[in-house]
file run.cif (mmCIF, C-alpha atoms and all ligand atoms)
data_coords
#
loop_
_atom_site.group_PDB
_atom_site.id
_atom_site.type_symbol
_atom_site.label_atom_id
_atom_site.label_comp_id
_atom_site.auth_asym_id
_atom_site.auth_seq_id
_atom_site.Cartn_x
_atom_site.Cartn_y
_atom_site.Cartn_z
ATOM 1 C CA LYS A 183 -75.354 -1.428 8.032
ATOM 2 C CA GLU A 184 -74.139 -4.738 6.737
ATOM 3 C CA ILE A 185 -76.590 -6.715 4.636
ATOM 4 C CA ARG A 186 -76.395 -9.597 7.092
ATOM 5 C CA GLU A 187 -77.592 -7.315 9.892
ATOM 6 C CA LEU A 188 -80.391 -5.960 7.714
ATOM 7 C CA LEU A 189 -81.545 -9.511 7.041
ATOM 8 C CA LYS A 190 -81.523 -10.385 10.740
ATOM 9 C CA ASP A 191 -83.522 -7.227 11.484
ATOM 10 C CA ALA A 192 -85.990 -8.089 8.736
ATOM 11 C CA LEU A 193 -86.535 -11.568 10.180
ATOM 12 C CA ARG A 194 -87.213 -10.085 13.628
ATOM 13 C CA ASN A 195 -89.312 -7.092 12.572
ATOM 14 C CA ASP A 196 -91.473 -8.272 9.688
ATOM 15 C CA GLY A 197 -89.184 -6.573 7.194
ATOM 16 C CA PHE A 198 -89.693 -8.916 4.258
ATOM 17 C CA LYS A 199 -92.449 -9.066 1.687
ATOM 18 C CA LEU A 200 -93.217 -11.201 -1.341
ATOM 19 C CA VAL A 201 -94.030 -9.923 -4.804
ATOM 20 C CA TYR A 202 -95.525 -12.197 -7.427
ATOM 21 C CA GLN A 203 -95.032 -12.737 -11.144
ATOM 22 C CA PRO A 204 -97.699 -14.630 -13.099
ATOM 23 C CA GLN A 205 -97.015 -17.562 -15.376
ATOM 24 C CA ILE A 206 -99.414 -17.368 -18.299
ATOM 25 C CA ASN A 207 -100.915 -20.629 -19.491
ATOM 26 C CA LEU A 208 -100.802 -20.390 -23.279
ATOM 27 C CA LYS A 209 -103.830 -22.660 -23.702
ATOM 28 C CA SER A 210 -106.186 -20.642 -21.504
ATOM 29 C CA GLY A 211 -104.504 -17.246 -21.883
ATOM 30 C CA LYS A 212 -104.770 -16.816 -18.121
ATOM 31 C CA ALA A 213 -102.363 -16.673 -15.234
ATOM 32 C CA ASP A 214 -102.317 -19.952 -13.421
ATOM 33 C CA THR A 215 -99.235 -20.012 -11.245
ATOM 34 C CA PHE A 216 -97.607 -17.095 -9.435
ATOM 35 C CA GLU A 217 -93.881 -17.080 -8.632
ATOM 36 C CA ALA A 218 -93.142 -15.515 -5.245
ATOM 37 C CA LEU A 219 -90.039 -13.316 -5.192
ATOM 38 C CA LEU A 220 -88.584 -11.980 -1.971
ATOM 39 C CA ARG A 221 -88.070 -8.284 -1.270
ATOM 40 C CA LEU A 222 -86.877 -6.222 1.688
ATOM 41 C CA LYS A 223 -89.685 -3.796 2.558
ATOM 42 C CA ASP A 224 -87.584 -0.774 3.476
ATOM 43 C CA GLU A 225 -84.249 -1.311 1.787
ATOM 44 C CA ASP A 226 -83.315 -0.789 -1.802
ATOM 45 C CA ILE A 227 -81.131 -3.888 -2.090
ATOM 46 C CA SER A 228 -81.695 -6.304 -4.936
ATOM 47 C CA PRO A 229 -82.500 -9.919 -4.098
ATOM 48 C CA GLY A 230 -79.566 -10.955 -6.276
ATOM 49 C CA GLU A 231 -77.421 -9.222 -3.670
ATOM 50 C CA PHE A 232 -79.109 -10.181 -0.421
ATOM 51 C CA ILE A 233 -79.936 -13.802 -1.328
ATOM 52 C CA SER A 234 -76.244 -14.593 -1.749
ATOM 53 C CA VAL A 235 -75.500 -13.011 1.645
ATOM 54 C CA ALA A 236 -78.362 -15.018 3.129
ATOM 55 C CA GLU A 237 -76.897 -18.197 1.666
ATOM 56 C CA GLU A 238 -73.350 -17.517 2.863
ATOM 57 C CA SER A 239 -74.519 -16.673 6.377
ATOM 58 C CA ASN A 240 -77.028 -19.543 6.648
ATOM 59 C CA LEU A 241 -79.792 -17.015 7.286
ATOM 60 C CA ILE A 242 -81.387 -18.550 4.187
ATOM 61 C CA ILE A 243 -82.665 -21.364 6.425
ATOM 62 C CA ASP A 244 -84.881 -19.016 8.469
ATOM 63 C CA ILE A 245 -85.629 -16.810 5.482
ATOM 64 C CA GLY A 246 -86.643 -19.847 3.433
ATOM 65 C CA ARG A 247 -89.057 -20.854 6.179
ATOM 66 C CA TRP A 248 -90.471 -17.314 6.305
ATOM 67 C CA VAL A 249 -91.017 -17.366 2.521
ATOM 68 C CA THR A 250 -92.694 -20.761 2.742
ATOM 69 C CA GLU A 251 -95.184 -19.697 5.391
ATOM 70 C CA ALA A 252 -95.828 -16.300 3.781
ATOM 71 C CA ALA A 253 -96.703 -18.002 0.482
ATOM 72 C CA ILE A 254 -99.010 -20.454 2.267
ATOM 73 C CA ILE A 255 -100.725 -17.568 4.091
ATOM 74 C CA GLN A 256 -101.203 -15.821 0.736
ATOM 75 C CA LEU A 257 -102.789 -18.969 -0.721
ATOM 76 C CA ALA A 258 -105.136 -19.134 2.264
ATOM 77 C CA GLU A 259 -106.040 -15.468 1.870
ATOM 78 C CA TRP A 260 -106.896 -15.823 -1.827
ATOM 79 C CA GLN A 261 -108.889 -18.902 -0.966
ATOM 80 C CA SER A 262 -110.849 -17.055 1.719
ATOM 81 C CA LYS A 263 -111.642 -14.299 -0.787
ATOM 82 C CA GLY A 264 -113.284 -16.903 -2.989
ATOM 83 C CA LEU A 265 -110.709 -16.744 -5.771
ATOM 84 C CA GLU A 266 -110.204 -19.847 -7.869
ATOM 85 C CA PRO A 267 -107.265 -21.787 -6.369
ATOM 86 C CA LYS A 268 -104.061 -21.235 -8.355
ATOM 87 C CA PRO A 269 -100.597 -22.389 -7.267
ATOM 88 C CA ILE A 270 -97.757 -20.268 -5.910
ATOM 89 C CA SER A 271 -94.144 -21.241 -6.582
ATOM 90 C CA ILE A 272 -91.278 -20.393 -4.251
ATOM 91 C CA ASN A 273 -87.516 -20.487 -4.787
ATOM 92 C CA PHE A 274 -85.394 -22.927 -2.827
ATOM 93 C CA SER A 275 -81.617 -22.580 -2.300
ATOM 94 C CA ALA A 276 -79.243 -25.544 -2.184
ATOM 95 C CA LYS A 277 -78.286 -24.486 1.357
ATOM 96 C CA GLN A 278 -81.831 -25.245 2.469
ATOM 97 C CA LEU A 279 -81.084 -28.948 1.992
ATOM 98 C CA ASN A 280 -79.414 -28.634 5.406
ATOM 99 C CA ASP A 281 -82.768 -27.763 6.953
ATOM 100 C CA LEU A 282 -83.587 -31.335 7.865
ATOM 101 C CA SER A 283 -86.999 -30.604 9.378
ATOM 102 C CA TYR A 284 -88.072 -28.355 6.493
ATOM 103 C CA VAL A 285 -90.578 -30.841 5.097
ATOM 104 C CA ASP A 286 -92.205 -31.284 8.525
ATOM 105 C CA PHE A 287 -92.332 -27.508 8.891
ATOM 106 C CA LEU A 288 -93.970 -27.209 5.487
ATOM 107 C CA ASN A 289 -96.565 -29.877 6.225
ATOM 108 C CA ASP A 290 -97.396 -28.233 9.574
ATOM 109 C CA LYS A 291 -97.929 -24.853 7.943
ATOM 110 C CA LEU A 292 -100.107 -26.259 5.159
ATOM 111 C CA LYS A 293 -102.290 -27.906 7.764
ATOM 112 C CA LYS A 294 -102.364 -24.866 10.034
ATOM 113 C CA HIS A 295 -103.538 -22.553 7.246
ATOM 114 C CA GLY A 296 -105.820 -25.057 5.542
ATOM 115 C CA VAL A 297 -103.991 -25.165 2.225
ATOM 116 C CA THR A 298 -103.518 -28.310 0.111
ATOM 117 C CA ALA A 299 -99.978 -29.269 -0.866
ATOM 118 C CA ASP A 300 -100.700 -29.311 -4.594
ATOM 119 C CA LEU A 301 -101.007 -25.502 -4.528
ATOM 120 C CA LEU A 302 -97.365 -25.076 -3.615
ATOM 121 C CA GLU A 303 -94.471 -25.466 -6.043
ATOM 122 C CA ILE A 304 -90.830 -25.535 -5.052
ATOM 123 C CA GLU A 305 -88.361 -24.192 -7.607
ATOM 124 C CA ILE A 306 -84.990 -25.854 -7.344
ATOM 125 C CA THR A 307 -81.905 -25.294 -9.454
ATOM 126 C CA GLU A 308 -79.351 -27.757 -10.757
ATOM 127 C CA THR A 309 -77.067 -27.052 -7.835
ATOM 128 C CA VAL A 310 -79.694 -28.538 -5.531
ATOM 129 C CA LEU A 311 -79.491 -31.751 -7.545
ATOM 130 C CA LEU A 312 -75.718 -31.772 -7.828
ATOM 131 C CA GLU A 313 -74.871 -31.183 -4.189
ATOM 132 C CA LYS A 314 -74.467 -34.212 -1.928
ATOM 133 C CA LYS A 315 -76.412 -36.386 -4.296
ATOM 134 C CA ASP A 316 -77.862 -39.138 -2.076
ATOM 135 C CA LYS A 317 -78.857 -36.813 0.731
ATOM 136 C CA SER A 318 -80.473 -34.278 -1.533
ATOM 137 C CA ILE A 319 -82.383 -36.927 -3.446
ATOM 138 C CA SER A 320 -83.913 -38.367 -0.298
ATOM 139 C CA PHE A 321 -84.770 -34.833 0.875
ATOM 140 C CA LEU A 322 -86.452 -34.074 -2.435
ATOM 141 C CA ASN A 323 -88.302 -37.365 -2.509
ATOM 142 C CA LYS A 324 -89.670 -36.641 0.945
ATOM 143 C CA LEU A 325 -90.686 -33.197 -0.245
ATOM 144 C CA LYS A 326 -92.337 -34.681 -3.305
ATOM 145 C CA LYS A 327 -94.187 -37.216 -1.165
ATOM 146 C CA SER A 328 -95.770 -34.405 0.832
ATOM 147 C CA GLY A 329 -97.642 -33.521 -2.371
ATOM 148 C CA VAL A 330 -95.980 -30.279 -3.384
ATOM 149 C CA LYS A 331 -94.862 -29.823 -6.986
ATOM 150 C CA ILE A 332 -91.213 -29.512 -7.894
ATOM 151 C CA SER A 333 -89.891 -27.497 -10.782
ATOM 152 C CA LEU A 334 -86.406 -27.089 -12.163
ATOM 153 C CA ASP A 335 -85.529 -23.395 -12.407
ATOM 154 C CA ASP A 336 -82.913 -21.663 -14.581
ATOM 155 C CA PHE A 337 -82.595 -24.542 -17.032
ATOM 156 C CA GLY A 338 -79.876 -23.849 -19.584
ATOM 157 C CA THR A 339 -77.552 -21.861 -17.345
ATOM 158 C CA GLY A 340 -75.594 -24.647 -15.703
ATOM 159 C CA TYR A 341 -74.305 -28.022 -16.749
ATOM 160 C CA SER A 342 -77.746 -29.218 -17.729
ATOM 161 C CA SER A 343 -76.854 -32.861 -17.486
ATOM 162 C CA LEU A 344 -79.990 -34.775 -18.281
ATOM 163 C CA SER A 345 -79.303 -37.708 -15.982
ATOM 164 C CA TYR A 346 -80.508 -35.877 -12.889
ATOM 165 C CA LEU A 347 -83.898 -35.573 -14.506
ATOM 166 C CA THR A 348 -84.329 -39.250 -13.715
ATOM 167 C CA TYR A 349 -83.283 -39.024 -10.032
ATOM 168 C CA ILE A 350 -86.418 -37.283 -8.878
ATOM 169 C CA GLU A 351 -89.844 -36.778 -10.283
ATOM 170 C CA LEU A 352 -90.048 -33.232 -11.537
ATOM 171 C CA ASP A 353 -93.304 -31.569 -12.577
ATOM 172 C CA LYS A 354 -92.066 -28.540 -14.464
ATOM 173 C CA ILE A 355 -88.994 -27.203 -16.179
ATOM 174 C CA LYS A 356 -88.314 -23.489 -16.502
ATOM 175 C CA PHE A 357 -86.147 -22.425 -19.443
ATOM 176 C CA ASP A 358 -83.899 -19.589 -18.392
ATOM 177 C CA ARG A 359 -84.100 -16.240 -20.146
ATOM 178 C CA SER A 360 -80.611 -16.668 -21.608
ATOM 179 C CA LEU A 361 -81.494 -20.026 -23.158
ATOM 180 C CA ASN A 362 -84.660 -18.577 -24.680
ATOM 181 C CA HIS A 363 -82.784 -15.663 -26.182
ATOM 182 C CA LYS A 364 -80.272 -17.974 -27.856
ATOM 183 C CA PHE A 365 -82.735 -20.530 -29.154
ATOM 184 C CA LEU A 366 -85.378 -18.120 -30.395
ATOM 185 C CA GLN A 367 -83.012 -16.715 -32.968
ATOM 186 C CA ASP A 368 -84.055 -17.778 -36.421
ATOM 187 C CA ASN A 369 -81.534 -20.562 -36.927
ATOM 188 C CA TYR A 370 -82.449 -22.353 -33.722
ATOM 189 C CA THR A 371 -86.227 -22.352 -33.513
ATOM 190 C CA ASP A 372 -86.332 -26.029 -34.552
ATOM 191 C CA THR A 373 -84.003 -26.765 -31.648
ATOM 192 C CA MET A 374 -86.420 -24.975 -29.342
ATOM 193 C CA ALA A 375 -89.313 -27.065 -30.649
ATOM 194 C CA GLY A 376 -87.212 -30.201 -30.137
ATOM 195 C CA LEU A 377 -86.316 -29.256 -26.565
ATOM 196 C CA ILE A 378 -89.954 -28.647 -25.736
ATOM 197 C CA SER A 379 -91.039 -31.999 -27.142
ATOM 198 C CA LEU A 380 -88.146 -33.757 -25.370
ATOM 199 C CA PHE A 381 -89.426 -32.460 -22.027
ATOM 200 C CA HIS A 382 -93.022 -33.221 -22.912
ATOM 201 C CA SER A 383 -91.939 -36.809 -23.482
ATOM 202 C CA MET A 384 -90.808 -36.791 -19.843
ATOM 203 C CA ASN A 385 -94.210 -35.459 -18.772
ATOM 204 C CA LEU A 386 -92.801 -32.098 -17.780
ATOM 205 C CA VAL A 387 -94.662 -28.838 -18.134
ATOM 206 C CA VAL A 388 -92.437 -26.324 -19.960
ATOM 207 C CA VAL A 389 -92.217 -22.688 -18.854
ATOM 208 C CA ALA A 390 -90.201 -20.081 -20.752
ATOM 209 C CA GLU A 391 -88.927 -17.311 -18.505
ATOM 210 C CA GLY A 392 -87.836 -13.769 -19.227
ATOM 211 C CA ILE A 393 -89.976 -13.204 -22.308
ATOM 212 C CA GLU A 394 -90.194 -9.513 -23.136
ATOM 213 C CA GLU A 395 -91.111 -9.513 -26.815
ATOM 214 C CA LYS A 396 -94.352 -10.439 -28.484
ATOM 215 C CA GLU A 397 -92.496 -12.101 -31.322
ATOM 216 C CA ASN A 398 -90.811 -14.529 -28.930
ATOM 217 C CA PHE A 399 -94.084 -15.270 -27.207
ATOM 218 C CA GLN A 400 -95.575 -16.182 -30.603
ATOM 219 C CA LYS A 401 -92.617 -18.408 -31.509
ATOM 220 C CA LEU A 402 -92.874 -20.267 -28.217
ATOM 221 C CA SER A 403 -96.606 -20.605 -28.477
ATOM 222 C CA ASP A 404 -96.286 -22.053 -32.008
ATOM 223 C CA ARG A 405 -93.701 -24.540 -30.764
ATOM 224 C CA GLY A 406 -95.812 -25.998 -28.002
ATOM 225 C CA CYS A 407 -94.483 -24.195 -24.928
ATOM 226 C CA ASP A 408 -96.991 -24.472 -22.059
ATOM 227 C CA TYR A 409 -96.366 -21.341 -20.000
ATOM 228 C CA ILE A 410 -94.681 -17.993 -20.367
ATOM 229 C CA GLN A 411 -93.358 -15.813 -17.576
ATOM 230 C CA GLY A 412 -91.894 -12.432 -18.380
ATOM 231 C CA TYR A 413 -92.146 -8.675 -18.475
ATOM 232 C CA LEU A 414 -94.213 -8.930 -21.698
ATOM 233 C CA PHE A 415 -97.146 -9.964 -19.511
ATOM 234 C CA SER A 416 -96.208 -8.698 -16.071
ATOM 235 C CA ARG A 417 -93.343 -7.743 -13.835
ATOM 236 C CA PRO A 418 -93.335 -9.129 -10.305
ATOM 237 C CA VAL A 419 -96.065 -7.137 -8.503
ATOM 238 C CA SER A 420 -97.824 -6.838 -5.139
ATOM 239 C CA PRO A 421 -100.545 -9.286 -4.051
ATOM 240 C CA ALA A 422 -103.148 -6.523 -4.536
ATOM 241 C CA ALA A 423 -102.004 -6.077 -8.139
ATOM 242 C CA ILE A 424 -102.159 -9.849 -8.692
ATOM 243 C CA GLU A 425 -105.779 -9.860 -7.517
ATOM 244 C CA LYS A 426 -106.608 -7.347 -10.278
ATOM 245 C CA ILE A 427 -105.249 -9.627 -13.023
ATOM 246 C CA TYR A 428 -106.180 -12.935 -11.362
ATOM 247 C CA ASP A 429 -108.658 -13.979 -14.062
ATOM 248 C CA HIS A 430 -107.556 -11.581 -16.767
ATOM 249 C CA ASN A 431 -107.330 -12.830 -20.344
ATOM 250 C CA PHE A 432 -103.791 -12.062 -21.527
HETATM 251 O O1 LIG A 501 -86.902 -10.912 -9.117
HETATM 252 P P1 LIG A 501 -85.598 -11.192 -8.859
HETATM 253 O O2 LIG A 501 -84.703 -9.987 -8.927
HETATM 254 O O3 LIG A 501 -86.337 -11.193 -7.563
HETATM 255 O O4 LIG A 501 -84.759 -12.391 -8.273
HETATM 256 C C1 LIG A 501 -83.360 -12.408 -8.251
HETATM 257 C C2 LIG A 501 -82.869 -13.767 -7.823
HETATM 258 O O5 LIG A 501 -83.199 -13.989 -6.451
HETATM 259 C C3 LIG A 501 -83.452 -14.909 -8.616
HETATM 260 O O6 LIG A 501 -82.420 -15.827 -8.907
HETATM 261 C C4 LIG A 501 -84.438 -15.525 -7.668
HETATM 262 O O7 LIG A 501 -84.559 -16.918 -7.882
HETATM 263 C C5 LIG A 501 -83.817 -15.226 -6.310
HETATM 264 N N1 LIG A 501 -84.859 -15.193 -5.281
HETATM 265 C C6 LIG A 501 -85.909 -14.335 -5.191
HETATM 266 N N2 LIG A 501 -86.670 -14.631 -4.126
HETATM 267 C C7 LIG A 501 -86.106 -15.718 -3.551
HETATM 268 C C8 LIG A 501 -86.434 -16.515 -2.415
HETATM 269 O O8 LIG A 501 -87.441 -16.326 -1.739
HETATM 270 N N3 LIG A 501 -85.586 -17.536 -2.098
HETATM 271 C C9 LIG A 501 -84.479 -17.802 -2.841
HETATM 272 N N4 LIG A 501 -83.708 -18.821 -2.460
HETATM 273 N N5 LIG A 501 -84.144 -17.101 -3.920
HETATM 274 C C10 LIG A 501 -84.941 -16.064 -4.277
HETATM 275 O O1 LIG A 502 -83.719 -17.201 -10.985
HETATM 276 P P1 LIG A 502 -85.205 -16.997 -11.120
HETATM 277 O O2 LIG A 502 -85.712 -17.528 -12.387
HETATM 278 O O3 LIG A 502 -85.979 -17.409 -9.933
HETATM 279 O O4 LIG A 502 -85.346 -15.416 -11.159
HETATM 280 C C1 LIG A 502 -86.407 -14.750 -11.656
HETATM 281 C C2 LIG A 502 -85.830 -13.383 -11.981
HETATM 282 O O5 LIG A 502 -86.109 -13.030 -13.326
HETATM 283 C C3 LIG A 502 -86.426 -12.307 -11.132
HETATM 284 O O6 LIG A 502 -85.377 -11.439 -10.829
HETATM 285 C C4 LIG A 502 -87.406 -11.635 -12.064
HETATM 286 O O7 LIG A 502 -87.641 -10.304 -11.674
HETATM 287 C C5 LIG A 502 -86.647 -11.726 -13.374
HETATM 288 N N1 LIG A 502 -87.475 -11.634 -14.574
HETATM 289 C C6 LIG A 502 -88.706 -12.136 -14.767
HETATM 290 N N2 LIG A 502 -89.172 -11.851 -16.012
HETATM 291 C C7 LIG A 502 -88.205 -11.147 -16.618
HETATM 292 C C8 LIG A 502 -88.094 -10.559 -17.928
HETATM 293 O O8 LIG A 502 -88.976 -10.633 -18.784
HETATM 294 N N3 LIG A 502 -86.920 -9.900 -18.180
HETATM 295 C C9 LIG A 502 -85.923 -9.797 -17.274
HETATM 296 N N4 LIG A 502 -84.829 -9.118 -17.620
HETATM 297 N N5 LIG A 502 -85.995 -10.349 -16.054
HETATM 298 C C10 LIG A 502 -87.126 -11.006 -15.714
HETATM 299 MN MN MN A 503 -87.435 -18.889 -9.929
HETATM 300 NA NA NA A 504 -84.729 -18.576 -14.252
#
call {"tool": "encode", "arguments": {"input": "run.cif", "output": "structure tokens"}}
result
Amino acid sequence: KEIRELLKDALRNDGFKLVYQPQINLKSGKADTFEALLRLKDEDISPGEFISVAEESNLIIDIGRWVTEAAIIQLAEWQSKGLEPKPISINFSAKQLNDLSYVDFLNDKLKKHGVTADLLEIEITETVLLEKKDKSISFLNKLKKSGVKISLDDFGTGYSSLSYLTYIELDKIKFDRSLNHKFLQDNYTDTMAGLISLFHSMNLVVVAEGIEEKENFQKLSDRGCDYIQGYLFSRPVSPAAIEKIYDHNF
């Protein structure tokens, strides 16, 4: 079957699930945000593959809404179990800027499930900021006004113009794995420290993604990085597995 058909089936028949990867707060040593990553329940197709099909076919609009509500339901479930509230972040494709009632949808679902907006983070990439500038900025400002947090994902992989950092109020910046690998080599650790303090001066929380080695974790920690997300601490795992490490000291 074509991937597009599998995605349509999954939307109709509850065929998607979310797995979660913790971001470790280096001050507390605990997980305090969980990134939701989409999976097909019954198919062994990587998200790298099916997300691009979803984007090309516009199915990403409905899928993006499914992800949004599923994350909100998860927040409500953890809340009802008495767990300390910790945010979930979700990924947002540039194509979803065409979903003009997305912010209304999001606000409705937060209300319906009794979840406050500050527990949801939306991860955007540079392409979201580059495409159709005026329209996307007003979309993002409306999103921001609803109270959700906005983070810039995959920093260091694109053009990384800094001017767009002034268009909208971002809360977090996530350094891509490839950037971390380059700048954690011995000759560039000062550059890494400088980048982190540059973003701190803009009141952004800095997350380093894709950290697999203890040595790199230590370097980032010494240079003032706020959060680390990577296989060193945890792969993306099921909600049940997240509950087991919810308050764990990493
Ligand atoms: O864990 P991983 O292999 O899941 O993710 C591969 C890629 O797919 C990443 O770039 C990630 O941002 C993207 N991705 C995962 N889940 C989602 C989602 O729910 N929505 C969007 N737009 N992208 C996602
Ligand atoms: O594009 P985005 O940053 O949303 O994608 C997150 C992707 O990075 C997911 O596919 C996730 O599984 C993957 N990832 C998270 N931590 C690590 C890591 O330590 N190493 C590698 N190779 N991939 C990681
Ligand atoms: Mn992401
Ligand atoms: Na990334």
call {"tool": "closest_residue", "arguments": {"input": "run.cif", "among": "A:Glu251, A:Glu237, A:Asp300, A:Glu305", "to": "Lys356 of chain A", "atoms": "only C-alpha atoms"}}
result
A:Glu305
call {"tool": "atom_distance", "arguments": {"input": "run.cif", "atom1": "atom CA of Leu361 of chain A", "atom2": "atom CA of Gly338 of chain A"}}
result
5.5 Å
call {"tool": "resolve_selection", "arguments": {"input": "run.cif", "expression": "the PyMOL selection byres (((not hetatm)) within 10 of (chain A and resi 503))", "output": "NGL selection string"}}
result
:A and (203 or 217-219 or 271-274 or 304-307 or 333-336 or 356 or 358 or 391)
call {"tool": "write_last_selection", "arguments": {"input": "run.cif", "atoms": "C-alpha atoms", "output": "short mmCIF file (atom, residue, chain, number, x, y, z; two decimals), keeping the file's coordinate frame"}}
result
data_model
loop_
_atom_site.label_atom_id
_atom_site.label_comp_id
_atom_site.auth_asym_id
_atom_site.auth_seq_id
_atom_site.Cartn_x
_atom_site.Cartn_y
_atom_site.Cartn_z
CA GLN A 203 -95.03 -12.74 -11.14
CA GLU A 217 -93.88 -17.08 -8.63
CA ALA A 218 -93.14 -15.52 -5.24
CA LEU A 219 -90.04 -13.32 -5.19
CA SER A 271 -94.14 -21.24 -6.58
CA ILE A 272 -91.28 -20.39 -4.25
CA ASN A 273 -87.52 -20.49 -4.79
CA PHE A 274 -85.39 -22.93 -2.83
CA ILE A 304 -90.83 -25.54 -5.05
CA GLU A 305 -88.36 -24.19 -7.61
CA ILE A 306 -84.99 -25.85 -7.34
CA THR A 307 -81.90 -25.29 -9.45
CA SER A 333 -89.89 -27.50 -10.78
CA LEU A 334 -86.41 -27.09 -12.16
CA ASP A 335 -85.53 -23.40 -12.41
CA ASP A 336 -82.91 -21.66 -14.58
CA LYS A 356 -88.31 -23.49 -16.50
CA ASP A 358 -83.90 -19.59 -18.39
CA GLU A 391 -88.93 -17.31 -18.50
#
call {"tool": "resolve_selection", "arguments": {"input": "run.cif", "expression": "the PyMOL selection byres (((chain A and resi 245-250) around 8) and not hetatm)", "output": "list in words"}}
result
Leu193, Leu200, Leu220, Ala236, Leu241, Ile242, Ile243, Asp244, Glu251, Ala252, Ala253, Ile254, Ile272, Phe274, Gln278, Tyr284, Phe287 and Leu288 of chain A
call {"tool": "resolve_selection", "arguments": {"input": "run.cif", "expression": "the PyMOL selection byres (((chain A and resi 225) around 10) and not hetatm)", "output": "list in words"}}
result
Ile185, Leu188, Ala192, Gly197, Phe198, Arg221, Leu222, Lys223, Asp224, Asp226, Ile227 and Ser228 of chain A
call {"tool": "closest_residue", "arguments": {"input": "run.cif", "among": "A:Gly406, A:Ala422, A:Thr215, A:Lys268", "to": "Ser379 of chain A", "atoms": "only C-alpha atoms"}}
result
A:Gly406
call {"tool": "closest_residue", "arguments": {"input": "run.cif", "among": "A:Lys293, A:Lys317, A:Lys263, A:Lys354", "to": "Met384 of chain A", "atoms": "all atoms listed in the file"}}
result
A:Lys354
call {"tool": "closest_residue", "arguments": {"input": "run.cif", "among": "A:Ile410, A:Val419, A:Leu347, A:Ile393", "to": "Phe381 of chain A", "atoms": "only C-alpha atoms"}}
result
A:Leu347
call {"tool": "closest_residue", "arguments": {"input": "run.cif", "among": "A:His363, A:Lys294, A:Lys277, A:Lys212", "to": "Ser234 of chain A", "atoms": "all atoms listed in the file"}}
result
A:Lys277
call {"tool": "atom_distance", "arguments": {"input": "run.cif", "atom1": "atom CA of Leu257 of chain A", "atom2": "atom CA of Ile270 of chain A"}}
result
7.3 Å
call {"tool": "atom_distance", "arguments": {"input": "run.cif", "atom1": "atom CA of Asn362 of chain A", "atom2": "atom CA of Lys315 of chain A"}}
result
28.3 Å
call {"tool": "closest_residue", "arguments": {"input": "run.cif", "among": "A:Pro418, A:Lys364, A:Thr339, A:Lys209", "to": "ligand LIG 501 (chain A)", "atoms": "all atoms listed in the file"}}
result
A:Pro418
call {"tool": "residues_around", "arguments": {"input": "run.cif", "residues": "Leu325 of chain A", "least_positions_apart": "5", "cutoff": "9 Å", "atoms": "all atoms listed in the file", "output": "list in words"}}
result
Tyr284, Val285, Leu288, Ser320, Val330, Lys331 and Ile332 of chain A
call {"tool": "axis_aligned_box", "arguments": {"input": "run.cif", "around": "ligand LIG 502 (chain A)", "padding_each_side": "6 Å", "output": "JSON"}}
result
{"center_x": -86.4, "center_y": -13.3, "center_z": -14.4, "size_x": 17.5, "size_y": 20.4, "size_z": 20.9}
call {"tool": "residues_around", "arguments": {"input": "run.cif", "residues": "Tyr341 of chain A", "least_positions_apart": "4", "cutoff": "12 Å", "atoms": "all atoms listed in the file", "output": "MDAnalysis selection string"}}
result
chainID A and resid 307:309 311:312 336:337 345:346
call {"tool": "residues_near_point", "arguments": {"input": "run.cif", "point": "(-96.8, -14.6, -18.2)", "cutoff": "12 Å", "atoms": "only C-alpha atoms", "output": "PyMOL selection string"}}
result
chain A and resi 202-208+210-217+389-396+399+403+407-418+424+427-428+430-432
call {"tool": "decode", "arguments": {"input": "run.cif", "residues": "segment 345-371 of chain A", "atoms": "C-alpha atoms", "output": "mmCIF file, in the first residue's frame"}}
result
data_model
loop_
_atom_site.group_PDB
_atom_site.id
_atom_site.type_symbol
_atom_site.label_atom_id
_atom_site.label_comp_id
_atom_site.auth_asym_id
_atom_site.auth_seq_id
_atom_site.Cartn_x
_atom_site.Cartn_y
_atom_site.Cartn_z
ATOM 1 C CA SER A 345 16.868 38.442 12.090
ATOM 2 C CA TYR A 346 13.854 36.154 12.324
ATOM 3 C CA LEU A 347 14.560 35.759 16.005
ATOM 4 C CA THR A 348 13.180 39.263 16.392
ATOM 5 C CA TYR A 349 9.964 38.683 14.384
ATOM 6 C CA ILE A 350 8.289 36.554 17.001
ATOM 7 C CA GLU A 351 8.811 35.931 20.649
ATOM 8 C CA LEU A 352 10.450 32.557 21.003
ATOM 9 C CA ASP A 353 10.829 30.760 24.330
ATOM 10 C CA LYS A 354 13.376 28.099 23.495
ATOM 11 C CA ILE A 355 16.000 27.246 20.934
ATOM 12 C CA LYS A 356 17.002 23.671 20.179
ATOM 13 C CA PHE A 357 20.524 23.159 18.832
ATOM 14 C CA ASP A 358 20.499 20.420 16.244
ATOM 15 C CA ARG A 359 22.588 17.303 16.740
ATOM 16 C CA SER A 360 24.833 18.202 13.800
ATOM 17 C CA LEU A 361 25.617 21.634 15.236
ATOM 18 C CA ASN A 362 26.450 20.114 18.617
ATOM 19 C CA HIS A 363 28.778 17.574 17.069
ATOM 20 C CA LYS A 364 30.710 20.277 15.221
ATOM 21 C CA PHE A 365 30.953 22.751 18.068
ATOM 22 C CA LEU A 366 31.788 20.291 20.823
ATOM 23 C CA GLN A 367 35.058 19.415 19.167
ATOM 24 C CA ASP A 368 37.937 20.794 21.153
ATOM 25 C CA ASN A 369 38.689 23.825 19.005
ATOM 26 C CA TYR A 370 35.139 25.130 19.114
ATOM 27 C CA THR A 371 33.957 24.781 22.691
#
